[in-house]
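Quick notes on the structure that follows.
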Amino acid sequence: MIEKQRLLKVYEKLYRAFGPQGWWPADTAFEVILGAILTQSTSWQNVERAITNLKNANSLSFKKLSKMKMHRLAQLIKPAGYYNVKAKRLKNFILFLKKNYSGDLNRMKKKDTLVLRRQLLSICGIGPETADSILLYALQKPVFVVDAYTRRIFSRHGFVEKDVDYETLQRLFTRALPSQNRLFNEYHALLVRLGKEFCKKTKMKCPACPLGGAMGRLSL
DNA sequence: CACCAGGCAAGTA
DNA sequence: TACTTGCATGGT
């Protein structure tokens with residue numbers, strides 16, 4: 001079976017098993033971006049605590065955060081871990097947004113997707129996954145997001161090498177799938193859902209895995 | 001106690 | 001270029 005059909009079949013199986021995931025869990029595009037940075041190698045639950053702290057301090061906005069001292073920001077996002085590093089990264093993005101788009105995400109959204117991707121990657125603290133998450137979930141661009149779960153799930157099911165690089169794995173999806181924001185949004189969210197429940201780093205709960213296969217391989 | 005979570009950059013050879 | 005290490009809280 002060619003890759004295009006397999007990838008669509010995986011998506012259908014996941015969608016039937018879990019249904020729509022409603023990503024990204026946030027009230028605004030700005031909040032999506034903060035979450036994308038805060039969730040780097042960090043459980044979403046801890047990110048929620050940090051976001052809640054920012055909301056309770058009435059500080060979850062471009063204007064408030066651009067004025068906030070870095071030390072103060074670090075204290076508020078403490079539950080998300082790596083708080084000194086992440087406070088700096090959040091500030092880096094905010095400064096970028098101020099300098100290039102006057103703090104206006106709508107203005108940023110008008111730019112070409114690949115131009116935006118290069119700009120985001122030039123910010124210290126924003127790598128490929130964070131950049132693509134921002135493009136897809138905050139700016140509604142049709143960009144496929146790859147993460148540790150994506151790599152783990154597809155390598156364990158014998159689809160790709162386990163150390164396949166980000167761009168290669170991403171191209172696999174973008175070549176095979178129709179370039180639809182809605183599809184990319186749901187597909188990535190479903191892979192994360194599957195990963196959380198069945199494909200943690202050390203454990204692999206098969207054959208309960210919705211993708212099937214007692215040996216951890218795709219049964220398609 | 002050990003291990004992990006929706007990464008990334010900096011240091012080393 | 002190709003590894004390795006630091007960053008840090010909270011759940012299992």
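Quick note on naming: the chains in the structure tokens go A, B, ... in the order shown, residues restart at 1 in each chain, and ligands are numbered from 1 in order of appearance.
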At most 7 Å to chain C: residues in chain A, only C-alpha atoms (C1' of nucleotides), as a ChimeraX atom specification: /A:46,79-82,85
Closest-contact table, chain A side, partner chain B, 7 Å, counting only C-alpha atoms (C1' of nucleotides), as a tab-separated table:
```
residue	atom	partner	partner_atom	distance
A:Thr39	CA	B:DG6	C1'	6.3
A:Gln40	CA	B:DG7	C1'	4.6
A:Ser41	CA	B:DG7	C1'	5.3
A:Thr42	CA	B:DA5	C1'	4.4
A:Ser43	CA	B:DA5	C1'	4.3
A:Gly125	CA	B:DC8	C1'	5.9
A:Gly127	CA	B:DC8	C1'	6.3
A:Asp147	CA	B:DG6	C1'	6.8
A:Val192	CA	B:DG6	C1'	6.6
```
Take the residues from that selection and put them in a file with N, CA and C atoms, as an mmCIF file, in the first residue's frame.
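Contents of part33.cif, as written:
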```cif
data_model
loop_
_atom_site.group_PDB
_atom_site.id
_atom_site.type_symbol
_atom_site.label_atom_id
_atom_site.label_comp_id
_atom_site.auth_asym_id
_atom_site.auth_seq_id
_atom_site.Cartn_x
_atom_site.Cartn_y
_atom_site.Cartn_z
ATOM 1 N N THR A 39 5.329 24.683 26.465
ATOM 2 C CA THR A 39 5.169 23.225 26.487
ATOM 3 C C THR A 39 6.383 22.474 25.948
ATOM 4 N N GLN A 40 7.454 23.203 25.639
ATOM 5 C CA GLN A 40 8.666 22.526 25.172
ATOM 6 C C GLN A 40 9.176 21.538 26.217
ATOM 7 N N SER A 41 9.111 20.275 25.885
ATOM 8 C CA SER A 41 9.562 19.194 26.780
ATOM 9 C C SER A 41 8.904 19.271 28.155
ATOM 10 N N THR A 42 7.641 19.617 28.166
ATOM 11 C CA THR A 42 6.920 19.823 29.422
ATOM 12 C C THR A 42 5.473 19.369 29.281
ATOM 13 N N SER A 43 4.946 18.731 30.330
ATOM 14 C CA SER A 43 3.571 18.242 30.283
ATOM 15 C C SER A 43 2.598 19.417 30.177
ATOM 16 N N GLY A 125 15.253 30.227 20.709
ATOM 17 C CA GLY A 125 14.306 29.564 21.589
ATOM 18 C C GLY A 125 13.125 28.986 20.841
ATOM 19 N N GLY A 127 12.371 26.535 17.817
ATOM 20 C CA GLY A 127 12.867 25.532 16.885
ATOM 21 C C GLY A 127 11.759 25.110 15.945
ATOM 22 N N ASP A 147 6.369 15.997 16.134
ATOM 23 C CA ASP A 147 6.887 16.056 17.502
ATOM 24 C C ASP A 147 7.418 14.680 17.901
ATOM 25 N N VAL A 192 -0.752 13.061 19.234
ATOM 26 C CA VAL A 192 -0.376 13.359 20.618
ATOM 27 C C VAL A 192 -1.280 12.590 21.577
#
```
Point-to-point distance from atom CA of Arg72 of chain A to atom CA of Asn84 of chain A, Å rounded to tenths: 10.3 Å
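You will find atom CA of Asn106 of chain A at 22.6 Å from atom CA of Met68 of chain A.
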Atom CA of Lys109 of chain A to atom CA of Asp132 of chain A, straight-line distance in Å: 13.4 Å
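Of the listed residues (A:Lys4, A:Lys63, A:His71, A:Lys141), A:Lys63 comes nearest to Leu97 of chain A; the distances count only C-alpha atoms.
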Alpha helix (DSSP H) per DSSP on the backbone: members of chain A, as a PyMOL selection string: chain A and resi 3-18+29-38+44-56+62-67+70-76+83-101+105-109+113-121+128-133+148-156+166-176+181-198
Output C-alpha atoms for every residue in that selection, as a CSV table (one decimal), in the first residue's frame.
```csv
chain,number,residue,atom,x,y,z
A,3,GLU,CA,2.2,5.9,1.8
A,4,LYS,CA,-0.5,8.3,0.9
A,5,GLN,CA,-3.2,5.7,1.6
A,6,ARG,CA,-1.5,4.4,4.8
A,7,LEU,CA,-1.2,7.9,6.2
A,8,LEU,CA,-4.9,8.6,5.5
A,9,LYS,CA,-5.9,5.2,7.0
A,10,VAL,CA,-3.9,5.9,10.2
A,11,TYR,CA,-5.7,9.3,10.4
A,12,GLU,CA,-9.1,7.6,10.0
A,13,LYS,CA,-8.4,5.0,12.6
A,14,LEU,CA,-7.3,7.6,15.1
A,15,TYR,CA,-10.3,9.8,14.4
A,16,ARG,CA,-12.7,6.9,14.8
A,17,ALA,CA,-11.0,5.9,18.0
A,18,PHE,CA,-10.7,9.3,19.7
A,29,ALA,CA,-3.8,33.2,19.2
A,30,PHE,CA,-1.4,35.0,21.5
A,31,GLU,CA,-2.1,32.4,24.2
A,32,VAL,CA,-1.5,29.6,21.7
A,33,ILE,CA,2.0,31.0,21.1
A,34,LEU,CA,2.8,31.3,24.8
A,35,GLY,CA,1.6,27.7,25.2
A,36,ALA,CA,3.7,26.5,22.3
A,37,ILE,CA,6.9,27.9,23.9
A,38,LEU,CA,5.9,26.8,27.5
A,44,TRP,CA,0.5,20.3,29.2
A,45,GLN,CA,-0.8,20.2,32.8
A,46,ASN,CA,2.2,22.1,34.0
A,47,VAL,CA,1.8,24.6,31.2
A,48,GLU,CA,-1.8,25.2,32.2
A,49,ARG,CA,-0.7,26.2,35.7
A,50,ALA,CA,1.7,28.7,34.2
A,51,ILE,CA,-1.0,30.1,31.9
A,52,THR,CA,-3.4,30.3,34.8
A,53,ASN,CA,-0.8,32.3,36.8
A,54,LEU,CA,-0.5,34.8,33.9
A,55,LYS,CA,-4.3,35.1,33.7
A,56,ASN,CA,-4.7,35.6,37.4
A,62,PHE,CA,1.2,41.4,24.4
A,63,LYS,CA,1.1,44.8,26.1
A,64,LYS,CA,1.4,43.5,29.6
A,65,LEU,CA,4.1,41.0,28.9
A,66,SER,CA,6.2,43.4,26.8
A,67,LYS,CA,6.3,45.7,29.9
A,70,MET,CA,11.9,39.1,32.9
A,71,HIS,CA,12.3,38.0,36.6
A,72,ARG,CA,8.7,38.6,37.3
A,73,LEU,CA,7.7,36.6,34.2
A,74,ALA,CA,9.9,33.8,35.2
A,75,GLN,CA,8.2,33.6,38.6
A,76,LEU,CA,4.8,33.5,37.1
A,83,TYR,CA,11.4,29.0,33.8
A,84,ASN,CA,14.5,31.1,33.3
A,85,VAL,CA,15.1,29.8,29.9
A,86,LYS,CA,11.4,30.1,28.9
A,87,ALA,CA,11.0,33.6,30.3
A,88,LYS,CA,13.8,34.6,28.0
A,89,ARG,CA,12.3,32.8,25.0
A,90,LEU,CA,8.9,34.4,25.6
A,91,LYS,CA,10.6,37.8,25.7
A,92,ASN,CA,12.5,37.0,22.5
A,93,PHE,CA,9.2,36.3,20.7
A,94,ILE,CA,7.5,39.4,22.1
A,95,LEU,CA,10.4,41.6,21.1
A,96,PHE,CA,10.3,40.0,17.6
A,97,LEU,CA,6.5,40.7,17.3
A,98,LYS,CA,7.0,44.3,18.5
A,99,LYS,CA,9.8,45.0,16.1
A,100,ASN,CA,8.4,43.3,13.0
A,101,TYR,CA,4.7,43.6,13.4
A,105,LEU,CA,-0.6,39.0,15.2
A,106,ASN,CA,-3.2,39.9,12.4
A,107,ARG,CA,-0.5,41.8,10.6
A,108,MET,CA,1.9,38.9,11.0
A,109,LYS,CA,-0.6,36.5,9.7
A,113,THR,CA,4.0,31.0,5.3
A,114,LEU,CA,7.6,30.1,4.4
A,115,VAL,CA,8.8,33.6,5.2
A,116,LEU,CA,7.1,33.4,8.6
A,117,ARG,CA,8.7,30.1,9.2
A,118,ARG,CA,12.2,31.4,8.5
A,119,GLN,CA,11.5,34.4,10.7
A,120,LEU,CA,10.3,32.3,13.6
A,121,LEU,CA,13.3,29.9,13.4
A,128,PRO,CA,11.0,23.7,14.1
A,129,GLU,CA,8.2,22.2,16.3
A,130,THR,CA,7.5,25.4,18.1
A,131,ALA,CA,7.6,27.4,14.8
A,132,ASP,CA,5.2,25.0,13.1
A,133,SER,CA,2.9,24.9,16.0
A,148,ALA,CA,8.5,13.3,19.6
A,149,TYR,CA,5.2,11.3,19.6
A,150,THR,CA,5.0,11.5,15.8
A,151,ARG,CA,8.5,10.1,15.4
A,152,ARG,CA,8.0,7.5,18.1
A,153,ILE,CA,4.7,6.2,16.9
A,154,PHE,CA,5.7,6.0,13.2
A,155,SER,CA,9.1,4.4,13.9
A,156,ARG,CA,7.7,1.9,16.3
A,166,TYR,CA,12.3,16.7,11.5
A,167,GLU,CA,12.1,18.0,7.9
A,168,THR,CA,12.1,14.5,6.3
A,169,LEU,CA,9.3,13.2,8.5
A,170,GLN,CA,7.4,16.4,7.9
A,171,ARG,CA,7.8,16.1,4.1
A,172,LEU,CA,6.4,12.6,4.3
A,173,PHE,CA,3.1,14.1,5.5
A,174,THR,CA,3.0,17.2,3.4
A,175,ARG,CA,3.7,15.3,0.3
A,176,ALA,CA,1.0,12.7,0.9
A,181,ASN,CA,-5.3,23.4,7.9
A,182,ARG,CA,-8.2,21.3,9.4
A,183,LEU,CA,-6.6,18.0,8.6
A,184,PHE,CA,-3.1,18.9,9.8
A,185,ASN,CA,-4.6,20.3,13.0
A,186,GLU,CA,-6.6,17.2,13.8
A,187,TYR,CA,-3.9,14.7,12.7
A,188,HIS,CA,-1.2,16.1,15.0
A,189,ALA,CA,-3.6,16.4,17.9
A,190,LEU,CA,-4.7,12.8,17.4
A,191,LEU,CA,-1.0,11.6,17.3
A,192,VAL,CA,-0.4,13.4,20.6
A,193,ARG,CA,-3.5,11.8,22.1
A,194,LEU,CA,-2.4,8.3,20.9
A,195,GLY,CA,1.1,9.0,22.2
A,196,LYS,CA,-0.1,10.0,25.7
A,197,GLU,CA,-2.2,6.9,26.1
A,198,PHE,CA,-0.3,4.2,24.2
```
